[in-house]
file coords-v6.txt (compact mmCIF, C-alpha atoms and all ligand atoms)
# COMPACT_ATOMS: atom_id res chain seq x y z
CA MET L 1 60.89 79.82 115.53
CA GLY L 2 58.80 81.88 113.11
CA THR L 3 59.69 82.29 109.44
CA PHE L 4 60.40 85.98 109.93
CA THR L 5 62.83 85.28 112.78
CA LYS L 6 64.58 82.64 110.67
CA ILE L 7 64.96 85.07 107.77
CA LEU L 8 66.24 87.73 110.14
CA LEU L 9 68.77 85.37 111.70
CA SER L 10 69.99 84.14 108.32
CA ALA L 11 70.35 87.72 107.10
CA ALA L 12 72.34 88.60 110.23
CA CYS L 13 74.62 85.56 109.68
CA VAL L 14 75.17 86.45 106.04
CA ALA L 15 75.95 90.06 106.97
CA PHE L 16 78.37 88.91 109.67
CA LEU L 17 80.15 86.53 107.29
CA ALA L 18 80.31 89.18 104.57
CA VAL L 19 81.93 91.65 106.96
CA LYS L 20 84.37 89.02 108.25
CA TRP L 21 85.20 87.91 104.73
CA ASN L 22 85.90 91.41 103.53
CA ALA L 23 87.80 92.55 106.61
CA PRO L 24 91.46 93.12 105.82
CA ARG L 25 93.60 90.51 107.52
CA PHE L 26 96.97 91.08 109.02
CA ASP L 27 99.58 88.65 107.82
CA PRO L 28 102.76 88.97 109.94
CA GLU L 29 104.69 87.26 107.14
CA SER L 30 104.01 90.25 104.89
CA LEU L 31 106.43 92.24 107.03
CA ARG L 32 109.25 89.70 107.02
CA GLY L 33 112.09 91.34 105.13
CA ALA L 34 110.06 94.51 104.54
CA ARG L 35 112.33 97.52 104.05
CA VAL L 36 111.38 100.23 106.50
CA LEU L 37 112.66 103.68 107.41
CA VAL L 38 111.36 105.04 110.73
CA THR L 39 112.15 108.64 111.67
CA GLY L 40 112.26 109.94 115.25
CA ALA L 41 113.08 106.41 116.35
CA SER L 42 115.47 107.11 119.21
CA ALA L 43 112.59 107.51 121.68
CA GLY L 44 108.85 107.33 122.24
CA ILE L 45 106.50 106.11 119.58
CA GLY L 46 109.11 105.89 116.82
CA GLU L 47 111.30 103.64 118.95
CA GLN L 48 108.34 101.35 119.64
CA ILE L 49 107.40 101.28 115.97
CA ALA L 50 110.95 100.15 115.18
CA TYR L 51 110.70 97.33 117.76
CA HIS L 52 107.43 96.14 116.29
CA TYR L 53 108.83 96.02 112.79
CA ALA L 54 111.84 94.22 114.24
CA LYS L 55 109.67 91.53 115.84
CA PHE L 56 108.13 90.86 112.45
CA GLY L 57 111.57 90.34 110.92
CA ALA L 58 111.71 93.55 108.89
CA GLN L 59 114.84 95.32 107.63
CA ILE L 60 114.98 98.64 109.35
CA VAL L 61 116.78 101.93 109.15
CA ILE L 62 116.11 104.32 112.00
CA THR L 63 116.98 107.98 112.26
CA ALA L 64 117.00 110.80 114.83
CA ARG L 65 119.74 113.12 116.12
CA ARG L 66 121.27 111.24 119.08
CA GLU L 67 123.70 108.69 117.73
CA LYS L 68 124.39 106.83 120.99
CA VAL L 69 120.70 106.27 121.64
CA LEU L 70 120.14 105.15 118.06
CA GLN L 71 122.92 102.58 118.48
CA LYS L 72 121.10 101.07 121.43
CA VAL L 73 117.78 100.96 119.60
CA VAL L 74 119.48 99.22 116.67
CA GLU L 75 120.97 96.60 119.00
CA LYS L 76 117.57 95.93 120.51
CA CYS L 77 115.96 95.71 117.06
CA LEU L 78 118.48 93.02 116.08
CA SER L 79 117.88 91.11 119.31
CA LEU L 80 114.14 91.22 118.65
CA GLY L 81 114.52 89.62 115.25
CA ALA L 82 115.10 92.36 112.68
CA GLN L 83 116.76 90.94 109.56
CA LYS L 84 118.78 94.11 109.35
CA ALA L 85 118.95 97.21 111.52
CA LEU L 86 120.97 100.33 110.78
CA TYR L 87 120.87 103.91 111.91
CA VAL L 88 121.68 107.24 110.39
CA ALA L 89 121.94 110.29 112.60
CA ALA L 90 120.30 113.33 111.01
CA ASP L 91 118.84 116.64 112.08
CA MET L 92 115.53 117.20 110.33
CA ALA L 93 115.82 120.97 110.75
CA SER L 94 118.58 120.90 108.15
CA GLU L 95 117.79 121.39 104.49
CA THR L 96 120.00 118.56 103.32
CA GLU L 97 119.88 115.91 106.06
CA PRO L 98 116.36 114.63 105.39
CA ASP L 99 117.49 113.72 101.86
CA ARG L 100 120.69 112.16 103.16
CA ALA L 101 118.79 109.97 105.63
CA LEU L 102 116.36 108.86 102.95
CA ASP L 103 119.13 108.05 100.47
CA PHE L 104 121.01 106.12 103.14
CA ALA L 105 117.95 103.93 103.75
CA VAL L 106 117.23 103.30 100.07
CA GLU L 107 120.87 102.45 99.33
CA ASN L 108 121.37 100.18 102.32
CA LEU L 109 118.03 98.40 102.09
CA GLY L 110 118.03 98.20 98.30
CA GLY L 111 114.70 100.05 98.09
CA LEU L 112 111.89 100.97 100.45
CA ASP L 113 108.53 99.47 101.36
CA TYR L 114 107.48 101.68 104.28
CA LEU L 115 108.46 105.22 105.11
CA VAL L 116 107.22 106.03 108.61
CA LEU L 117 107.50 109.77 109.23
CA ASN L 118 107.15 110.27 112.96
CA HIS L 119 109.77 112.70 114.34
CA ILE L 120 108.90 115.97 116.04
CA GLY L 121 111.11 118.68 117.44
CA PRO L 122 110.62 119.65 121.08
CA SER L 123 108.16 122.49 121.64
CA PRO L 124 106.99 124.06 124.92
CA PHE L 125 103.52 123.38 126.33
CA SER L 126 102.66 126.99 127.09
CA MET L 127 101.00 130.02 125.63
CA TRP L 128 102.48 131.42 122.46
CA GLU L 129 104.37 134.61 123.25
CA GLY L 130 105.31 135.56 119.72
CA ASP L 131 108.28 133.26 119.20
CA VAL L 132 108.18 133.21 115.42
CA GLU L 133 111.70 131.80 115.16
CA HIS L 134 110.74 128.69 117.11
CA THR L 135 107.59 128.29 115.01
CA ARG L 136 109.66 128.54 111.82
CA TRP L 137 112.18 126.01 113.13
CA LEU L 138 109.43 123.62 114.20
CA MET L 139 107.80 123.88 110.78
CA LYS L 140 111.10 122.78 109.24
CA VAL L 141 111.38 119.78 111.55
CA ASN L 142 107.74 118.69 111.80
CA PHE L 143 106.53 119.60 108.33
CA PHE L 144 109.01 120.53 105.61
CA SER L 145 111.26 117.56 106.28
CA TYR L 146 108.20 115.28 105.95
CA ALA L 147 107.32 116.77 102.57
CA GLN L 148 110.94 116.56 101.44
CA MET L 149 111.42 112.92 102.46
CA ALA L 150 108.06 111.85 101.08
CA TRP L 151 108.89 113.34 97.70
CA ARG L 152 112.32 111.73 97.61
CA ALA L 153 110.88 108.36 98.60
CA LEU L 154 108.06 108.30 96.07
CA ALA L 155 109.98 106.65 93.25
CA SER L 156 111.16 103.81 95.49
CA LEU L 157 107.74 103.37 97.09
CA GLU L 158 106.14 103.34 93.65
CA GLN L 159 108.39 100.44 92.64
CA SER L 160 107.50 98.42 95.72
CA ASN L 161 103.76 99.22 96.01
CA GLY L 162 104.91 100.87 99.21
CA ALA L 163 103.33 102.96 101.91
CA LEU L 164 103.89 106.35 103.43
CA VAL L 165 102.87 106.50 107.08
CA ILE L 166 102.46 109.95 108.58
CA VAL L 167 102.22 110.13 112.35
CA SER L 168 99.96 113.04 113.16
CA SER L 169 97.85 114.17 116.09
CA LEU L 170 94.37 115.12 117.17
CA LEU L 171 95.84 118.58 117.55
CA GLY L 172 96.18 118.55 113.79
CA LYS L 173 92.42 118.36 113.59
CA MET L 174 91.30 120.80 116.24
CA PRO L 175 93.14 123.91 117.36
CA SER L 176 94.03 123.87 121.03
CA PRO L 177 95.71 126.31 123.39
CA PHE L 178 99.26 125.83 124.78
CA ALA L 179 100.63 124.16 121.67
CA VAL L 180 100.28 126.76 118.95
CA PRO L 181 103.42 125.95 116.91
CA TYR L 182 102.97 122.17 117.27
CA THR L 183 99.28 122.38 116.34
CA SER L 184 100.18 124.42 113.25
CA THR L 185 102.70 121.86 112.08
CA LYS L 186 100.20 119.02 112.48
CA PHE L 187 97.48 120.91 110.60
CA ALA L 188 100.00 121.49 107.83
CA LEU L 189 100.81 117.78 107.71
CA ASN L 190 97.16 116.75 107.52
CA GLY L 191 96.43 119.24 104.77
CA PHE L 192 99.52 118.40 102.75
CA PHE L 193 99.27 114.62 102.90
CA GLY L 194 95.47 114.63 102.59
CA ALA L 195 95.80 116.63 99.37
CA LEU L 196 98.76 114.58 98.15
CA HIS L 197 96.71 111.46 98.69
CA HIS L 198 94.13 112.75 96.21
CA GLU L 199 96.83 113.52 93.68
CA LEU L 200 98.34 110.05 94.00
CA VAL L 201 94.91 108.56 93.37
CA MET L 202 94.49 110.79 90.31
CA LYS L 203 97.90 109.65 89.04
CA LYS L 204 96.92 106.01 89.71
CA SER L 205 99.96 105.72 91.93
CA ASN L 206 100.87 102.49 93.70
CA VAL L 207 101.75 104.32 96.90
CA SER L 208 99.31 104.44 99.80
CA ILE L 209 99.28 107.21 102.39
CA SER L 210 98.23 106.55 105.98
CA ILE L 211 97.70 109.51 108.27
CA CYS L 212 97.73 108.34 111.89
CA THR L 213 95.78 110.60 114.21
CA LEU L 214 96.93 109.98 117.76
CA GLY L 215 95.52 111.08 121.08
CA LEU L 216 97.69 111.54 124.14
CA ILE L 217 100.09 108.63 124.65
CA ASP L 218 102.42 108.23 127.60
CA THR L 219 105.78 108.80 125.98
CA ASP L 220 108.37 110.46 128.22
CA ALA L 221 108.27 113.64 126.18
CA ALA L 222 104.48 113.91 126.25
CA MET L 223 104.31 113.09 129.96
CA ASP L 224 106.90 115.75 130.77
CA LYS L 225 104.58 118.27 129.19
CA VAL L 226 101.43 117.22 131.00
CA ARG L 227 103.09 116.56 134.35
CA SER L 228 101.99 119.81 135.92
CA VAL L 229 98.89 119.76 138.11
CA LYS L 230 97.03 121.91 135.63
CA SER L 231 97.75 119.55 132.76
CA ARG L 232 96.94 116.45 134.77
CA CYS L 233 93.50 117.74 135.55
CA LEU L 234 93.02 118.49 131.87
CA PHE L 235 94.14 115.15 130.52
CA GLY L 236 93.50 112.95 133.55
CA LYS L 237 92.72 109.40 132.59
CA HIS L 238 92.64 110.07 128.89
CA VAL L 239 96.24 109.03 128.48
CA THR L 240 96.80 105.75 126.67
CA THR L 241 99.82 103.68 127.55
CA LEU L 242 102.36 103.04 124.85
CA ARG L 243 102.09 99.31 125.41
CA ARG L 244 98.34 99.25 124.96
CA CYS L 245 98.49 101.53 121.97
CA PHE L 246 101.00 99.36 120.16
CA SER L 247 99.62 95.99 121.02
CA VAL L 248 96.79 96.72 118.62
CA SER L 249 97.58 99.66 116.46
CA LEU L 250 100.52 98.51 114.40
CA GLN L 251 98.50 95.51 113.32
CA GLY L 252 95.67 97.85 112.45
CA LEU L 253 98.00 99.85 110.36
CA HIS L 254 99.24 96.91 108.39
CA GLN L 255 95.85 95.47 107.96
CA ARG L 256 95.38 98.55 105.85
CA THR L 257 98.69 99.06 104.17
CA GLY L 258 99.36 95.37 103.79
CA VAL L 259 96.18 94.48 101.91
CA PRO L 260 96.49 93.56 98.27
CA ARG L 261 96.98 96.46 95.96
CA ARG L 262 93.58 96.17 94.25
CA ARG L 263 91.69 96.53 97.51
CA ARG L 264 94.00 98.84 99.32
CA ARG L 265 92.77 102.22 98.29
CA PRO L 266 89.01 101.98 98.80
CA GLU L 267 89.52 100.31 102.15
CA HIS L 268 92.04 102.89 103.06
CA HIS L 269 89.47 105.58 102.35
CA HIS L 270 86.52 104.25 104.19
CA HIS L 271 87.73 102.53 107.28
CA GLY L 272 87.48 104.43 110.50
CA GLY L 273 90.82 103.30 111.84
CA HIS L 274 91.56 100.73 114.45
CA GLU L 275 89.33 102.00 117.18
CA ALA L 276 90.05 99.09 119.48
CA ALA L 277 93.34 100.70 120.34
CA GLY L 278 91.41 103.52 121.93
CA ALA L 279 94.04 106.11 121.23
CA LEU L 280 95.23 105.45 117.75
CA LEU L 281 93.19 105.90 114.64
CA PRO L 282 95.80 104.73 112.23
CA LEU L 283 94.30 105.60 108.91
CA VAL L 284 92.06 108.54 109.41
CA HIS L 285 91.71 109.92 105.96
CA PRO L 286 90.16 113.38 105.58
CA HIS L 287 87.05 111.80 104.12
CA CYS L 288 86.77 108.63 106.14
CA ASP L 289 83.69 108.09 108.18
CA SER L 290 85.30 108.22 111.58
CA GLU L 291 86.26 111.82 111.06
CA GLN L 292 82.73 112.78 110.29
CA ARG L 293 81.84 111.43 113.67
CA LEU L 294 84.19 113.78 115.42
CA VAL L 295 81.84 116.07 117.25
CA PRO L 296 82.38 119.80 116.92
CA PHE L 297 82.77 121.63 120.18
CA HIS L 298 79.48 123.52 120.09
CA HIS L 299 77.57 120.23 119.72
CA ARG L 300 78.98 119.05 122.95
CA LEU L 301 77.04 121.61 124.92
CA ARG L 302 73.77 120.76 123.27
CA HIS L 303 74.25 117.03 122.79
CA PRO L 304 76.72 115.68 125.34
CA GLU L 305 75.59 112.15 124.50
CA LEU L 306 77.22 112.53 121.09
CA LEU L 307 80.57 112.21 122.77
CA GLN L 308 79.85 108.58 123.46
CA LEU L 309 79.35 107.80 119.80
CA HIS L 310 82.85 106.92 118.91
CA PRO L 311 85.95 105.93 120.84
CA VAL L 312 87.83 108.84 119.39
CA ASN L 313 85.60 111.10 121.39
CA ARG L 314 87.11 109.86 124.59
CA LYS L 315 90.26 111.47 123.35
CA LEU L 316 88.42 114.51 122.21
CA ASN L 317 87.02 114.83 125.68
CA SER L 318 90.45 115.68 126.94
CA ALA L 319 90.76 118.32 124.27
CA PHE L 320 87.32 119.66 125.16
CA ALA L 321 88.30 119.69 128.81
CA MET L 322 91.28 121.77 127.83
CA VAL L 323 89.11 124.23 125.93
CA ASP L 324 86.69 124.39 128.88
CA TRP L 325 89.53 125.09 131.25
CA TRP L 326 90.74 127.79 128.97
CA ARG L 327 87.34 129.43 128.78
CA GLU L 328 86.75 129.27 132.52
CA ASN L 329 90.14 130.62 133.42
CA THR L 330 90.47 133.35 130.89
CA GLN L 331 86.88 134.40 130.15
CA ASN L 332 87.93 133.91 126.62
CA THR L 333 85.38 132.89 124.04
CA ILE L 334 86.50 130.31 121.60
P1 LIG L 401 109.19 112.04 121.27
O1 LIG L 401 109.21 111.00 122.33
O2 LIG L 401 109.47 113.46 121.64
O3 LIG L 401 110.22 111.58 120.15
C1 LIG L 401 110.58 112.48 119.15
C2 LIG L 401 111.61 111.82 118.26
O4 LIG L 401 112.00 112.77 117.26
C3 LIG L 401 112.86 111.43 119.01
O5 LIG L 401 113.36 110.23 118.49
C4 LIG L 401 113.82 112.57 118.73
O6 LIG L 401 115.15 112.06 118.80
C5 LIG L 401 113.42 112.93 117.31
N1 LIG L 401 113.76 114.32 116.98
C6 LIG L 401 113.54 115.43 117.72
N2 LIG L 401 114.02 116.51 117.09
C7 LIG L 401 114.57 116.08 115.94
C8 LIG L 401 115.26 116.72 114.88
N3 LIG L 401 115.49 118.03 114.86
N4 LIG L 401 115.72 115.95 113.85
C9 LIG L 401 115.52 114.61 113.85
N5 LIG L 401 114.87 113.95 114.83
C10 LIG L 401 114.41 114.68 115.86
O7 LIG L 401 107.79 112.06 120.49
P2 LIG L 401 106.55 111.04 120.62
O8 LIG L 401 105.73 111.44 121.77
O9 LIG L 401 107.05 109.65 120.50
O10 LIG L 401 105.73 111.43 119.30
C11 LIG L 401 105.97 110.75 118.09
C12 LIG L 401 104.91 111.17 117.09
O11 LIG L 401 103.62 110.92 117.63
C13 LIG L 401 104.95 112.66 116.73
O12 LIG L 401 104.73 112.84 115.37
C14 LIG L 401 103.83 113.24 117.56
O13 LIG L 401 103.29 114.40 116.99
C15 LIG L 401 102.83 112.09 117.53
N6 LIG L 401 101.89 112.17 118.64
C16 LIG L 401 102.30 111.89 119.91
C17 LIG L 401 101.40 112.01 120.95
C18 LIG L 401 101.78 111.68 122.37
O14 LIG L 401 100.96 111.92 123.26
N7 LIG L 401 102.95 111.14 122.62
C19 LIG L 401 100.09 112.44 120.70
C20 LIG L 401 99.72 112.74 119.40
C21 LIG L 401 100.63 112.60 118.37
P3 LIG L 401 116.47 112.95 118.99
O15 LIG L 401 116.24 113.85 120.16
O16 LIG L 401 117.51 111.90 119.21
O17 LIG L 401 116.69 113.69 117.72

call {"tool": "encode", "arguments": {"input": "coords-v6.txt", "output": "structure tokens", "more": "lines below"}}
Ligand code: NAP
result
Amino acid sequence: MGTFTKILLSAACVAFLAVKWNAPRFDPESLRGARVLVTGASAGIGEQIAYHYAKFGAQIVITARREKVLQKVVEKCLSLGAQKALYVAADMASETEPDRALDFAVENLGGLDYLVLNHIGPSPFSMWEGDVEHTRWLMKVNFFSYAQMAWRALASLEQSNGALVIVSSLLGKMPSPFAVPYTSTKFALNGFFGALHHELVMKKSNVSISICTLGLIDTDAAMDKVRSVKSRCLFGKHVTTLRRCFSVSLQGLHQRTGVPRRRRRPEHHHHGGHEAAGALLPLVHPHCDSEQRLVPFHHRLRHPELLQLHPVNRKLNSAFAMVDWWRENTQNTI
């Protein structure tokens, strides 16, 4: 072997070790006893998040509107190993109930380590026909309650070096037809928590913010919406199963939020999320590198190969397909 090859190999080994050494590690023990509030946890992704925290032995409060369903989720959390599991029924469209749910969690858990804001109100998958009332209502549920709960939780999270986890969507990054009110609420979330993140950094706050940008995942609610033939041809195989999404993504999330305080923020900024999950980019910060690799629509026509660059683009493909469909069927120019 030549000297040059040896040097090259050694350099590659050193680079590999350096990356491995610096990679945030997930320590399941860090979640044992962690105090967590998960919203929208009676179904879908929130329910699964609660089960994952439960398996790690966390103390959990879950919230949503349907009390009977929440009871069942709590029972399952306890059977899975949660140190504590409680529920509080609350309607996030109300002006007072978000605060009540938050206070319930802080009082009953004796503080808070993770606030996972995940709930969404139901919204039709159809063209917007001027229903401003629904849009206003959805804004209350999907956006204002998030801002309200985050603010109320900050003092507790500050004390515990805690984390705010915001479950958002690709539709909060690119406008798409058939989900105008939902898309608006997710854009609002991304803007609000992206900006708040900067302010927390400026204040040297202990609290980290994770904005999770999800593609289509096969929850019952989402599948109901895309069940029509038209939707199926738009989304096709781009759906990720809940099981697959969660087998990897929650770990990804806590590899970020669970890293020691000193290292947390820079890593939080610059990591592209846990791409292995395919659908979930847990910590896509407005300035992180994965977002810069999102390919704008007009590039797709000129450089289709760009879509292969990053796993997120597989998800974007479905969104592009939707835009294509829209253009073809309406002669509309977007
Ligand atoms: P989901 O199955 O529809 O669950 C929504 C949850 O929110 C339920 O627990 C529901 O319970 C609760 N909820 C609804 N209205 C509420 C209200 N007024 N007050 C309090 N709670 C309310 O949703 P999902 O598909 O799991 O989505 C979860 C998160 O992932 C959302 O933030 C969504 O934007 C994001 N996401 C999902 C997908 C996907 O394809 N599934 C894609 C991108 C992003 P109750 O009815 O009992 O209140």

call {"tool": "residues_near_ligand", "arguments": {"input": "coords-v6.txt", "ligand": "ligand LIG 401 (chain L)", "cutoff": "6 Å", "atoms": "all atoms listed in the file", "output": "JSON, numbers by chain"}}
result
{"L": [40, 41, 42, 43, 44, 45, 46, 64, 65, 66, 90, 91, 92, 93, 118, 119, 120, 121, 141, 167, 168, 169, 214, 215, 216, 217, 218, 219, 220, 221, 222]}

call {"tool": "residues_around", "arguments": {"input": "coords-v6.txt", "residues": "Val73 (chain L)", "least_positions_apart": "5", "cutoff": "10 Å", "atoms": "only C-alpha atoms", "output": "list in words"}}
result
Ala41, Ser42, Ala43, Glu47, Gln48, Ala50, Tyr51, Ile62, Glu67, Lys68, Leu78, Ser79, Ala85, Leu86 and Tyr87 of chain L

call {"tool": "residues_near_point", "arguments": {"input": "coords-v6.txt", "point": "(108.4, 124.0, 122.0)", "cutoff": "9 Å", "atoms": "all atoms listed in the file", "output": "short mmCIF file (atom, residue, chain, number, x, y, z; two decimals) with C-alpha atoms, keeping the file's coordinate frame"}}
result
data_model
loop_
_atom_site.label_atom_id
_atom_site.label_comp_id
_atom_site.auth_asym_id
_atom_site.auth_seq_id
_atom_site.Cartn_x
_atom_site.Cartn_y
_atom_site.Cartn_z
CA GLY L 121 111.11 118.68 117.44
CA PRO L 122 110.62 119.65 121.08
CA SER L 123 108.16 122.49 121.64
CA PRO L 124 106.99 124.06 124.92
CA PHE L 125 103.52 123.38 126.33
CA SER L 126 102.66 126.99 127.09
CA HIS L 134 110.74 128.69 117.11
CA THR L 135 107.59 128.29 115.01
CA LEU L 138 109.43 123.62 114.20
CA ALA L 179 100.63 124.16 121.67
CA PRO L 181 103.42 125.95 116.91
CA TYR L 182 102.97 122.17 117.27
#

call {"tool": "residues_around", "arguments": {"input": "coords-v6.txt", "residues": "Cys77 (chain L)", "least_positions_apart": "2", "cutoff": "9 Å", "atoms": "only C-alpha atoms", "output": "PyMOL selection string"}}
result
chain L and resi 50-55+60+72-75+79-85

call {"tool": "write_last_selection", "arguments": {"input": "coords-v6.txt", "atoms": "C-alpha atoms", "output": "tab-separated table (two decimals), in the frame of the given file"}}
result
chain	number	residue	atom	x	y	z
L	50	ALA	CA	110.95	100.15	115.18
L	51	TYR	CA	110.70	97.33	117.76
L	52	HIS	CA	107.43	96.14	116.29
L	53	TYR	CA	108.83	96.02	112.79
L	54	ALA	CA	111.84	94.22	114.24
L	55	LYS	CA	109.67	91.53	115.84
L	60	ILE	CA	114.98	98.64	109.35
L	72	LYS	CA	121.10	101.07	121.43
L	73	VAL	CA	117.78	100.96	119.60
L	74	VAL	CA	119.48	99.22	116.67
L	75	GLU	CA	120.97	96.60	119.00
L	79	SER	CA	117.88	91.11	119.31
L	80	LEU	CA	114.14	91.22	118.65
L	81	GLY	CA	114.52	89.62	115.25
L	82	ALA	CA	115.10	92.36	112.68
L	83	GLN	CA	116.76	90.94	109.56
L	84	LYS	CA	118.78	94.11	109.35
L	85	ALA	CA	118.95	97.21	111.52

call {"tool": "residues_near_point", "arguments": {"input": "coords-v6.txt", "point": "(114.2, 104.3, 110.8)", "cutoff": "6 Å", "atoms": "only C-alpha atoms", "output": "mmCIF file with C-alpha atoms, keeping the file's coordinate frame"}}
result
data_model
loop_
_atom_site.group_PDB
_atom_site.id
_atom_site.type_symbol
_atom_site.label_atom_id
_atom_site.label_comp_id
_atom_site.auth_asym_id
_atom_site.auth_seq_id
_atom_site.Cartn_x
_atom_site.Cartn_y
_atom_site.Cartn_z
ATOM 1 C CA LEU L 37 112.660 103.680 107.410
ATOM 2 C CA VAL L 38 111.360 105.040 110.730
ATOM 3 C CA THR L 39 112.150 108.640 111.670
ATOM 4 C CA ILE L 60 114.980 98.640 109.350
ATOM 5 C CA VAL L 61 116.780 101.930 109.150
ATOM 6 C CA ILE L 62 116.110 104.320 112.000
ATOM 7 C CA THR L 63 116.980 107.980 112.260
#

call {"tool": "closest_residue", "arguments": {"input": "coords-v6.txt", "among": "L:Thr213, L:Asn206, L:Asn142, L:Ser160", "to": "Lys173 (chain L)", "atoms": "all atoms listed in the file"}}
result
L:Thr213

call {"tool": "atom_distance", "arguments": {"input": "coords-v6.txt", "atom1": "CA of Leu157 (chain L)", "atom2": "CA of Gly111 (chain L)"}}
result
7.8 Å

call {"tool": "atom_distance", "arguments": {"input": "coords-v6.txt", "atom1": "CA of Asn190 (chain L)", "atom2": "CA of Gly172 (chain L)"}}
result
6.6 Å

call {"tool": "atom_distance", "arguments": {"input": "coords-v6.txt", "atom1": "CA of Lys204 (chain L)", "atom2": "CA of Tyr114 (chain L)"}}
result
18.5 Å

call {"tool": "build_atoms", "arguments": {"input": "coords-v6.txt", "residues": "region 136-148 of chain L", "atoms": "N, CA, C and O atoms", "output": "short mmCIF file (atom, residue, chain, number, x, y, z; two decimals), in the coordinates of the input"}}
result
data_model
loop_
_atom_site.label_atom_id
_atom_site.label_comp_id
_atom_site.auth_asym_id
_atom_site.auth_seq_id
_atom_site.Cartn_x
_atom_site.Cartn_y
_atom_site.Cartn_z
N ARG L 136 109.03 128.80 113.13
CA ARG L 136 109.66 128.54 111.82
C ARG L 136 110.52 127.27 111.88
O ARG L 136 110.46 126.40 111.02
N TRP L 137 111.29 127.17 112.96
CA TRP L 137 112.18 126.01 113.13
C TRP L 137 111.34 124.73 113.23
O TRP L 137 111.63 123.71 112.60
N LEU L 138 110.26 124.82 114.01
CA LEU L 138 109.43 123.62 114.20
C LEU L 138 108.76 123.20 112.89
O LEU L 138 108.60 122.02 112.61
N MET L 139 108.39 124.19 112.10
CA MET L 139 107.80 123.88 110.78
C MET L 139 108.80 123.10 109.93
O MET L 139 108.44 122.17 109.22
N LYS L 140 110.07 123.49 110.02
CA LYS L 140 111.10 122.78 109.24
C LYS L 140 111.17 121.33 109.69
O LYS L 140 111.20 120.40 108.89
N VAL L 141 111.21 121.15 111.02
CA VAL L 141 111.38 119.78 111.55
C VAL L 141 110.11 118.96 111.33
O VAL L 141 110.16 117.85 110.79
N ASN L 142 108.98 119.49 111.75
CA ASN L 142 107.74 118.69 111.80
C ASN L 142 106.99 118.65 110.48
O ASN L 142 106.10 117.82 110.31
N PHE L 143 107.31 119.57 109.57
CA PHE L 143 106.53 119.60 108.33
C PHE L 143 107.39 119.52 107.07
O PHE L 143 107.26 118.59 106.29
N PHE L 144 108.29 120.50 106.89
CA PHE L 144 109.01 120.53 105.61
C PHE L 144 109.85 119.27 105.39
O PHE L 144 109.93 118.77 104.27
N SER L 145 110.45 118.76 106.47
CA SER L 145 111.26 117.56 106.28
C SER L 145 110.37 116.37 105.88
O SER L 145 110.80 115.50 105.13
N TYR L 146 109.12 116.36 106.34
CA TYR L 146 108.20 115.28 105.95
C TYR L 146 107.92 115.36 104.44
O TYR L 146 107.96 114.35 103.73
N ALA L 147 107.63 116.60 103.99
CA ALA L 147 107.32 116.77 102.57
C ALA L 147 108.53 116.38 101.72
O ALA L 147 108.42 115.67 100.71
N GLN L 148 109.70 116.81 102.19
CA GLN L 148 110.94 116.56 101.44
C GLN L 148 111.22 115.05 101.34
O GLN L 148 111.53 114.53 100.27
#
